[in-house]
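Visitor: Dropping in input.cif, with mmCIF, C-alpha atoms.
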```
data_upload
#
loop_
_atom_site.group_PDB
_atom_site.id
_atom_site.type_symbol
_atom_site.label_atom_id
_atom_site.label_comp_id
_atom_site.auth_asym_id
_atom_site.auth_seq_id
_atom_site.Cartn_x
_atom_site.Cartn_y
_atom_site.Cartn_z
ATOM 1 C CA MET E 63 -49.317 -9.980 -31.877
ATOM 2 C CA ALA E 64 -45.977 -11.488 -30.872
ATOM 3 C CA ALA E 65 -44.196 -8.380 -32.108
ATOM 4 C CA ALA E 66 -46.429 -6.183 -29.995
ATOM 5 C CA SER E 67 -45.803 -8.182 -26.830
ATOM 6 C CA PHE E 68 -42.056 -8.254 -27.492
ATOM 7 C CA SER E 69 -42.111 -4.504 -27.986
ATOM 8 C CA SER E 70 -43.962 -3.888 -24.725
ATOM 9 C CA ILE E 71 -41.655 -6.228 -22.782
ATOM 10 C CA PHE E 72 -38.593 -4.631 -24.326
ATOM 11 C CA SER E 73 -39.849 -1.086 -23.679
ATOM 12 C CA SER E 74 -40.424 -1.831 -19.979
ATOM 13 C CA PHE E 75 -37.199 -3.830 -19.634
ATOM 14 C CA VAL E 76 -34.819 -1.101 -20.915
ATOM 15 C CA PRO E 77 -35.869 1.533 -18.352
ATOM 16 C CA ALA E 78 -35.540 -1.053 -15.571
ATOM 17 C CA ILE E 79 -31.953 -1.830 -16.645
ATOM 18 C CA LEU E 80 -31.131 1.867 -16.806
ATOM 19 C CA LEU E 81 -32.574 2.435 -13.328
ATOM 20 C CA VAL E 82 -30.606 -0.473 -11.842
ATOM 21 C CA SER E 83 -27.380 0.715 -13.461
ATOM 22 C CA LEU E 84 -27.905 4.248 -12.167
ATOM 23 C CA LEU E 85 -28.565 3.007 -8.654
ATOM 24 C CA ALA E 86 -25.542 0.694 -8.691
ATOM 25 C CA THR E 87 -23.099 3.293 -9.999
ATOM 26 C CA PRO E 88 -22.794 5.521 -6.889
ATOM 27 C CA SER E 89 -21.271 2.770 -4.732
ATOM 28 C CA PHE E 90 -18.499 2.238 -7.247
ATOM 29 C CA SER E 91 -17.939 5.954 -7.786
ATOM 30 C CA LYS E 92 -17.715 6.462 -4.004
ATOM 31 C CA HIS E 93 -14.943 3.847 -3.863
ATOM 32 C CA ASP E 94 -13.198 5.331 -6.845
ATOM 33 C CA GLU E 95 -13.477 8.762 -5.272
ATOM 34 C CA ILE E 96 -11.765 7.663 -2.028
ATOM 35 C CA VAL E 97 -9.052 5.660 -3.803
ATOM 36 C CA ASP E 98 -8.524 8.448 -6.352
ATOM 37 C CA GLN E 99 -8.186 11.011 -3.547
ATOM 38 C CA VAL E 100 -5.596 8.903 -1.759
ATOM 39 C CA CYS E 101 -3.654 7.900 -4.861
ATOM 40 C CA SER E 102 -3.598 11.391 -6.352
ATOM 41 C CA LYS E 103 -1.653 12.572 -3.305
ATOM 42 C CA THR E 104 0.997 9.843 -3.423
ATOM 43 C CA ARG E 105 4.331 10.010 -5.239
ATOM 44 C CA ASN E 106 3.347 7.040 -7.413
ATOM 45 C CA SER E 107 -0.379 7.126 -8.104
ATOM 46 C CA TYR E 108 -0.155 4.233 -10.556
ATOM 47 C CA TYR E 109 1.330 1.876 -7.951
ATOM 48 C CA CYS E 110 -1.186 3.103 -5.390
ATOM 49 C CA SER E 111 -4.145 2.357 -7.656
ATOM 50 C CA LEU E 112 -2.763 -1.122 -8.299
ATOM 51 C CA VAL E 113 -2.399 -2.099 -4.641
ATOM 52 C CA LEU E 114 -5.449 -0.531 -3.010
ATOM 53 C CA PRO E 115 -8.605 -2.670 -3.057
ATOM 54 C CA HIS E 116 -11.122 -2.207 -5.824
ATOM 55 C CA SER E 117 -14.398 -3.079 -4.148
ATOM 56 C CA SER E 118 -17.447 -1.219 -3.009
ATOM 57 C CA GLY E 119 -17.793 -0.182 0.603
ATOM 58 C CA VAL E 120 -14.172 0.930 0.976
ATOM 59 C CA THR E 121 -13.570 3.503 3.684
ATOM 60 C CA LEU E 122 -10.529 5.540 4.607
ATOM 61 C CA PRO E 123 -10.000 3.542 7.849
ATOM 62 C CA GLY E 124 -10.347 0.343 5.803
ATOM 63 C CA LEU E 125 -7.734 1.583 3.358
ATOM 64 C CA ALA E 126 -5.452 2.404 6.294
ATOM 65 C CA SER E 127 -5.686 -1.160 7.517
ATOM 66 C CA THR E 128 -5.099 -2.542 4.032
ATOM 67 C CA ALA E 129 -2.091 -0.274 3.422
ATOM 68 C CA VAL E 130 -0.434 -1.109 6.752
ATOM 69 C CA THR E 131 -1.010 -4.839 6.243
ATOM 70 C CA LEU E 132 0.451 -4.611 2.731
ATOM 71 C CA ALA E 133 3.496 -2.660 3.912
ATOM 72 C CA HIS E 134 4.101 -5.054 6.804
ATOM 73 C CA ARG E 135 3.834 -8.087 4.526
ATOM 74 C CA ASN E 136 6.211 -6.449 2.031
ATOM 75 C CA ALA E 137 8.663 -5.667 4.854
ATOM 76 C CA LEU E 138 8.645 -9.323 5.908
ATOM 77 C CA ASN E 139 9.192 -10.443 2.294
ATOM 78 C CA LEU E 140 11.997 -7.921 1.998
ATOM 79 C CA LEU E 141 13.587 -9.324 5.166
ATOM 80 C CA ASN E 142 13.524 -12.800 3.613
ATOM 81 C CA ARG E 143 15.284 -11.500 0.495
ATOM 82 C CA ILE E 144 17.864 -9.653 2.571
ATOM 83 C CA ASN E 145 18.492 -12.752 4.701
ATOM 84 C CA ASP E 146 19.032 -14.744 1.493
ATOM 85 C CA ALA E 147 21.490 -12.092 0.319
ATOM 86 C CA VAL E 148 23.383 -12.191 3.632
ATOM 87 C CA ARG E 149 23.572 -15.973 3.454
ATOM 88 C CA ASP E 150 24.613 -16.135 -0.212
ATOM 89 C CA SER E 151 27.112 -13.255 -0.291
ATOM 90 C CA SER E 152 30.761 -14.227 -0.348
ATOM 91 C CA ASN E 153 32.136 -10.681 -0.050
ATOM 92 C CA PRO E 154 32.426 -9.719 3.654
ATOM 93 C CA GLN E 155 31.655 -6.020 2.990
ATOM 94 C CA THR E 156 28.590 -6.864 0.897
ATOM 95 C CA LYS E 157 27.446 -9.271 3.596
ATOM 96 C CA GLN E 158 27.834 -6.480 6.192
ATOM 97 C CA ASP E 159 25.901 -4.030 4.014
ATOM 98 C CA TYR E 160 23.017 -6.475 3.660
ATOM 99 C CA TYR E 161 23.142 -7.179 7.380
ATOM 100 C CA SER E 162 22.887 -3.433 8.157
ATOM 101 C CA CYS E 163 19.960 -3.134 5.804
ATOM 102 C CA ASN E 164 18.333 -6.083 7.567
ATOM 103 C CA GLY E 165 18.351 -4.083 10.807
ATOM 104 C CA ASN E 166 16.737 -1.112 9.084
ATOM 105 C CA VAL E 167 13.923 -3.167 7.599
ATOM 106 C CA LYS E 168 13.382 -4.944 10.957
ATOM 107 C CA ASN E 169 12.854 -1.531 12.582
ATOM 108 C CA ALA E 170 10.336 -0.601 9.913
ATOM 109 C CA ALA E 171 8.503 -3.935 10.227
ATOM 110 C CA ARG E 172 8.323 -3.516 14.017
ATOM 111 C CA GLU E 173 6.705 -0.075 13.667
ATOM 112 C CA LEU E 174 4.238 -1.377 11.092
ATOM 113 C CA ALA E 175 3.309 -4.238 13.439
ATOM 114 C CA LYS E 176 2.634 -1.670 16.197
ATOM 115 C CA ALA E 177 0.448 0.322 13.797
ATOM 116 C CA GLN E 178 -1.476 -2.859 12.933
ATOM 117 C CA GLN E 179 -2.157 -3.477 16.635
ATOM 118 C CA LEU E 180 -3.377 0.088 17.103
ATOM 119 C CA LEU E 181 -5.592 -0.129 14.024
ATOM 120 C CA ARG E 182 -7.255 -3.285 15.338
ATOM 121 C CA SER E 183 -8.447 -1.246 18.315
ATOM 122 C CA GLY E 184 -9.593 1.634 16.103
ATOM 123 C CA ASN E 185 -6.626 3.840 16.970
ATOM 124 C CA PHE E 186 -5.018 5.581 13.988
ATOM 125 C CA SER E 187 -2.344 7.426 15.975
ATOM 126 C CA GLY E 188 0.482 5.082 14.950
ATOM 127 C CA LEU E 189 0.062 5.535 11.199
ATOM 128 C CA GLY E 190 2.201 8.639 10.805
ATOM 129 C CA THR E 191 4.993 7.270 12.980
ATOM 130 C CA ALA E 192 5.007 3.929 11.159
ATOM 131 C CA ALA E 193 5.089 5.620 7.749
ATOM 132 C CA THR E 194 7.849 8.025 8.770
ATOM 133 C CA ILE E 195 10.031 5.291 10.271
ATOM 134 C CA ALA E 196 9.425 2.923 7.351
ATOM 135 C CA THR E 197 10.454 5.622 4.871
ATOM 136 C CA ALA E 198 13.553 6.617 6.876
ATOM 137 C CA GLU E 199 14.680 3.014 7.296
ATOM 138 C CA ALA E 200 14.144 2.258 3.613
ATOM 139 C CA GLU E 201 16.156 5.370 2.711
ATOM 140 C CA LYS E 202 19.039 4.237 4.930
ATOM 141 C CA CYS E 203 18.962 0.861 3.210
ATOM 142 C CA LEU E 204 18.913 2.436 -0.244
ATOM 143 C CA VAL E 205 21.982 4.528 0.584
ATOM 144 C CA ILE E 206 23.833 1.446 1.853
ATOM 145 C CA LEU E 207 22.907 -0.861 -1.024
ATOM 146 C CA ASP E 208 22.998 1.654 -3.870
ATOM 147 C CA LYS E 209 26.811 1.478 -3.886
ATOM 148 C CA LEU E 210 26.827 -2.289 -4.497
ATOM 149 C CA PRO E 211 27.965 -3.316 -7.989
ATOM 150 C CA SER E 212 24.896 -5.517 -8.532
ATOM 151 C CA ASP E 213 21.577 -6.389 -6.939
ATOM 152 C CA PRO E 214 20.887 -10.048 -7.732
ATOM 153 C CA PHE E 215 18.055 -10.224 -5.177
ATOM 154 C CA ASN E 216 16.229 -7.104 -6.502
ATOM 155 C CA ILE E 217 16.327 -5.600 -3.054
ATOM 156 C CA LEU E 218 16.683 -2.020 -4.303
ATOM 157 C CA ARG E 219 13.495 -2.292 -6.359
ATOM 158 C CA SER E 220 11.677 -3.854 -3.404
ATOM 159 C CA LEU E 221 12.875 -1.008 -1.172
ATOM 160 C CA VAL E 222 11.490 1.575 -3.591
ATOM 161 C CA LEU E 223 8.120 -0.206 -3.650
ATOM 162 C CA PHE E 224 8.238 -0.390 0.147
ATOM 163 C CA GLU E 225 8.737 3.384 0.205
ATOM 164 C CA HIS E 226 5.626 3.708 -1.967
ATOM 165 C CA ASP E 227 3.725 1.616 0.605
ATOM 166 C CA ALA E 228 4.863 3.984 3.350
ATOM 167 C CA ASP E 229 3.866 6.971 1.231
ATOM 168 C CA ILE E 230 0.332 5.583 0.856
ATOM 169 C CA ILE E 231 0.122 5.137 4.630
ATOM 170 C CA MET E 232 1.279 8.718 5.209
ATOM 171 C CA VAL E 233 -1.293 10.106 2.769
ATOM 172 C CA ILE E 234 -4.079 8.132 4.459
ATOM 173 C CA ASN E 235 -2.805 9.298 7.862
ATOM 174 C CA ASN E 236 -2.937 12.923 6.733
ATOM 175 C CA MET E 237 -6.422 12.492 5.288
ATOM 176 C CA LEU E 238 -7.679 10.825 8.477
ATOM 177 C CA ASN E 239 -6.171 13.612 10.600
ATOM 178 C CA LYS E 240 -7.817 16.210 8.363
ATOM 179 C CA ASP E 241 -11.181 14.432 8.782
ATOM 180 C CA ILE E 242 -10.719 14.335 12.566
ATOM 181 C CA LEU E 243 -9.931 18.060 12.617
ATOM 182 C CA LEU E 244 -13.018 18.817 10.513
ATOM 183 C CA LEU E 245 -15.217 16.757 12.845
ATOM 184 C CA GLY E 246 -13.667 18.068 16.077
#
```
Go ahead and express the file in the form of structure tokens.

Guide:
Amino acid sequence: MAAASFSSIFSSFVPAILLVSLLATPSFSKHDEIVDQVCSKTRNSYYCSLVLPHSSGVTLPGLASTAVTLAHRNALNLLNRINDAVRDSSNPQTKQDYYSCNGNVKNAARELAKAQQLLRSGNFSGLGTAATIATAEAEKCLVILDKLPSDPFNILRSLVLFEHDADIIMVINNMLNKDILLLG
């Protein structure tokens, strides 16, 4: 008797679990689909998949906000590292190189802050400009600092990651513009 009741409970329980798992799966696959689409178009899809949020309910505008916030935060951290390098460098030329790079990263951070403001009001028009300027300023910095004999503050690596942040923003910008064109 106990075996029969266990069997009937088990046989009704398994289909219920399968149904719940099938219903829950689409929300995760939708997220994965959006993140996969974005990341597959970037120059470093591995980095992209690490930094974009892994939660259900993610939208392309939400990813834009996340990517700009991440890039802005990384620019500010990069500025702190560069300021440390300026302060701690004893070589006048190295100090000047870091100082020049500081100006480049400040320009990029300023544009990312503008894009954040626009995003808060639902305006995505500043994404492309912010990504383009961030990439150009990082490139200028890389050219300046690449000639240094050493990089004790790991600024070059941080600049490359910052470029990846800008690349993610540009991809999202292009995808949003494509969606707007399809809707319009």

Visitor: Go through E:Asn164, E:Asp150, E:Asn142, E:Ser111 and flag the residue nearest E:Leu125, using all atoms listed in the file for the distances.

Guide: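 Smallest distance to E:Leu125 is found for E:Ser111.
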
Visitor: What's around stretch 180-187 of chain E at 8 Å? Count only C-alpha atoms, leave out sequence neighbours fewer than 3 positions away in its own chain, and write the answer as a list in words.

Guide: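 With the cut-off at 8 Å, the set is Ser127, Lys176, Ala177, Gly190, Thr191 and Asn235 of chain E.
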
Visitor: For atom CA of E:Ser162 and atom CA of E:Leu141, determine how far apart the two atoms are, in Å to one decimal place.

Guide: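 Distance reported for this atom pair: 11.4 Å.
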
Visitor: Take atom CA of E:Phe224 and atom CA of E:Ile195 and report the distance between them in Å, one decimal.

Guide: 11.7 Å

Visitor: Taking all atoms listed in the file into account, which of E:Gln155, E:Leu174, E:Thr194, E:Thr121 comes nearest E:Leu210?

Guide: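 Using all atoms listed in the file, E:Leu210 sits closest to E:Gln155.
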
Visitor: Go ahead and compute the interatomic distance for atom CA of E:Pro123 and atom CA of E:Gln179, in Å to one decimal.

Guide: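 One can read the atom CA of E:Pro123 to atom CA of E:Gln179 distance as 13.7 Å.
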
Visitor: Place all heavy atoms on stretch 222-233 of chain E and deliver the coordinates as a PDB file, in the coordinates of the input.

Guide:
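File part-v4.pdb, as written:
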```
ATOM      1  N   VAL E 222      12.220   0.457  -2.990  1.00  0.00           N
ATOM      2  CA  VAL E 222      11.490   1.575  -3.591  1.00  0.00           C
ATOM      3  C   VAL E 222       9.982   1.327  -3.494  1.00  0.00           C
ATOM      4  O   VAL E 222       9.214   2.235  -3.133  1.00  0.00           O
ATOM      5  CB  VAL E 222      11.935   1.801  -5.056  1.00  0.00           C
ATOM      6  CG1 VAL E 222      11.018   2.770  -5.769  1.00  0.00           C
ATOM      7  CG2 VAL E 222      13.378   2.286  -5.093  1.00  0.00           C
ATOM      8  N   LEU E 223       9.546   0.121  -3.775  1.00  0.00           N
ATOM      9  CA  LEU E 223       8.120  -0.206  -3.650  1.00  0.00           C
ATOM     10  C   LEU E 223       7.674  -0.103  -2.190  1.00  0.00           C
ATOM     11  O   LEU E 223       6.559   0.362  -1.908  1.00  0.00           O
ATOM     12  CB  LEU E 223       7.827  -1.600  -4.216  1.00  0.00           C
ATOM     13  CG  LEU E 223       8.044  -1.747  -5.720  1.00  0.00           C
ATOM     14  CD1 LEU E 223       7.805  -3.184  -6.155  1.00  0.00           C
ATOM     15  CD2 LEU E 223       7.173  -0.777  -6.507  1.00  0.00           C
ATOM     16  N   PHE E 224       8.534  -0.507  -1.279  1.00  0.00           N
ATOM     17  CA  PHE E 224       8.238  -0.390   0.147  1.00  0.00           C
ATOM     18  C   PHE E 224       8.062   1.084   0.534  1.00  0.00           C
ATOM     19  O   PHE E 224       7.188   1.433   1.321  1.00  0.00           O
ATOM     20  CB  PHE E 224       9.342  -1.067   0.959  1.00  0.00           C
ATOM     21  CG  PHE E 224       9.117  -1.034   2.436  1.00  0.00           C
ATOM     22  CD1 PHE E 224       8.042  -1.706   3.004  1.00  0.00           C
ATOM     23  CD2 PHE E 224       9.992  -0.349   3.267  1.00  0.00           C
ATOM     24  CE1 PHE E 224       7.833  -1.681   4.377  1.00  0.00           C
ATOM     25  CE2 PHE E 224       9.794  -0.331   4.630  1.00  0.00           C
ATOM     26  CZ  PHE E 224       8.708  -0.996   5.190  1.00  0.00           C
ATOM     27  N   GLU E 225       8.899   1.946  -0.035  1.00  0.00           N
ATOM     28  CA  GLU E 225       8.737   3.384   0.205  1.00  0.00           C
ATOM     29  C   GLU E 225       7.385   3.877  -0.312  1.00  0.00           C
ATOM     30  O   GLU E 225       6.754   4.727   0.320  1.00  0.00           O
ATOM     31  CB  GLU E 225       9.852   4.178  -0.479  1.00  0.00           C
ATOM     32  CG  GLU E 225      11.140   4.207   0.264  1.00  0.00           C
ATOM     33  CD  GLU E 225      12.139   5.154  -0.379  1.00  0.00           C
ATOM     34  OE1 GLU E 225      12.392   5.029  -1.584  1.00  0.00           O
ATOM     35  OE2 GLU E 225      12.651   6.014   0.353  1.00  0.00           O
ATOM     36  N   HIS E 226       6.946   3.340  -1.447  1.00  0.00           N
ATOM     37  CA  HIS E 226       5.626   3.708  -1.967  1.00  0.00           C
ATOM     38  C   HIS E 226       4.526   3.267  -1.013  1.00  0.00           C
ATOM     39  O   HIS E 226       3.542   3.987  -0.811  1.00  0.00           O
ATOM     40  CB  HIS E 226       5.392   3.110  -3.353  1.00  0.00           C
ATOM     41  CG  HIS E 226       6.285   3.654  -4.422  1.00  0.00           C
ATOM     42  ND1 HIS E 226       6.673   4.972  -4.502  1.00  0.00           N
ATOM     43  CD2 HIS E 226       6.874   3.047  -5.474  1.00  0.00           C
ATOM     44  CE1 HIS E 226       7.457   5.155  -5.548  1.00  0.00           C
ATOM     45  NE2 HIS E 226       7.596   4.000  -6.156  1.00  0.00           N
ATOM     46  N   ASP E 227       4.691   2.085  -0.403  1.00  0.00           N
ATOM     47  CA  ASP E 227       3.725   1.616   0.605  1.00  0.00           C
ATOM     48  C   ASP E 227       3.655   2.608   1.760  1.00  0.00           C
ATOM     49  O   ASP E 227       2.568   2.972   2.218  1.00  0.00           O
ATOM     50  CB  ASP E 227       4.123   0.242   1.156  1.00  0.00           C
ATOM     51  CG  ASP E 227       4.077  -0.879   0.136  1.00  0.00           C
ATOM     52  OD1 ASP E 227       3.385  -0.752  -0.893  1.00  0.00           O
ATOM     53  OD2 ASP E 227       4.743  -1.907   0.376  1.00  0.00           O
ATOM     54  N   ALA E 228       4.810   3.028   2.235  1.00  0.00           N
ATOM     55  CA  ALA E 228       4.863   3.984   3.350  1.00  0.00           C
ATOM     56  C   ALA E 228       4.237   5.320   2.951  1.00  0.00           C
ATOM     57  O   ALA E 228       3.554   5.956   3.767  1.00  0.00           O
ATOM     58  CB  ALA E 228       6.308   4.172   3.809  1.00  0.00           C
ATOM     59  N   ASP E 229       4.446   5.728   1.728  1.00  0.00           N
ATOM     60  CA  ASP E 229       3.866   6.971   1.231  1.00  0.00           C
ATOM     61  C   ASP E 229       2.334   6.890   1.240  1.00  0.00           C
ATOM     62  O   ASP E 229       1.658   7.846   1.639  1.00  0.00           O
ATOM     63  CB  ASP E 229       4.395   7.256  -0.187  1.00  0.00           C
ATOM     64  CG  ASP E 229       3.938   8.593  -0.730  1.00  0.00           C
ATOM     65  OD1 ASP E 229       3.912   9.576   0.023  1.00  0.00           O
ATOM     66  OD2 ASP E 229       3.615   8.642  -1.940  1.00  0.00           O
ATOM     67  N   ILE E 230       1.791   5.771   0.831  1.00  0.00           N
ATOM     68  CA  ILE E 230       0.332   5.583   0.856  1.00  0.00           C
ATOM     69  C   ILE E 230      -0.180   5.697   2.287  1.00  0.00           C
ATOM     70  O   ILE E 230      -1.191   6.364   2.551  1.00  0.00           O
ATOM     71  CB  ILE E 230      -0.052   4.218   0.235  1.00  0.00           C
ATOM     72  CG1 ILE E 230       0.258   4.197  -1.259  1.00  0.00           C
ATOM     73  CG2 ILE E 230      -1.538   3.909   0.479  1.00  0.00           C
ATOM     74  CD1 ILE E 230       0.173   2.802  -1.893  1.00  0.00           C
ATOM     75  N   ILE E 231       0.528   5.071   3.222  1.00  0.00           N
ATOM     76  CA  ILE E 231       0.122   5.137   4.630  1.00  0.00           C
ATOM     77  C   ILE E 231       0.145   6.586   5.122  1.00  0.00           C
ATOM     78  O   ILE E 231      -0.779   7.040   5.812  1.00  0.00           O
ATOM     79  CB  ILE E 231       1.031   4.259   5.511  1.00  0.00           C
ATOM     80  CG1 ILE E 231       0.851   2.784   5.141  1.00  0.00           C
ATOM     81  CG2 ILE E 231       0.740   4.475   6.997  1.00  0.00           C
ATOM     82  CD1 ILE E 231       1.893   1.860   5.746  1.00  0.00           C
ATOM     83  N   MET E 232       1.175   7.330   4.767  1.00  0.00           N
ATOM     84  CA  MET E 232       1.279   8.718   5.209  1.00  0.00           C
ATOM     85  C   MET E 232       0.141   9.568   4.638  1.00  0.00           C
ATOM     86  O   MET E 232      -0.447  10.394   5.343  1.00  0.00           O
ATOM     87  CB  MET E 232       2.635   9.312   4.827  1.00  0.00           C
ATOM     88  CG  MET E 232       2.843  10.713   5.382  1.00  0.00           C
ATOM     89  SD  MET E 232       2.672  10.826   7.182  1.00  0.00           S
ATOM     90  CE  MET E 232       4.283  10.302   7.695  1.00  0.00           C
ATOM     91  N   VAL E 233      -0.193   9.360   3.383  1.00  0.00           N
ATOM     92  CA  VAL E 233      -1.293  10.106   2.769  1.00  0.00           C
ATOM     93  C   VAL E 233      -2.605   9.792   3.490  1.00  0.00           C
ATOM     94  O   VAL E 233      -3.377  10.696   3.821  1.00  0.00           O
ATOM     95  CB  VAL E 233      -1.403   9.802   1.254  1.00  0.00           C
ATOM     96  CG1 VAL E 233      -2.713  10.312   0.680  1.00  0.00           C
ATOM     97  CG2 VAL E 233      -0.215  10.401   0.506  1.00  0.00           C
TER      98      VAL E 233
END
```
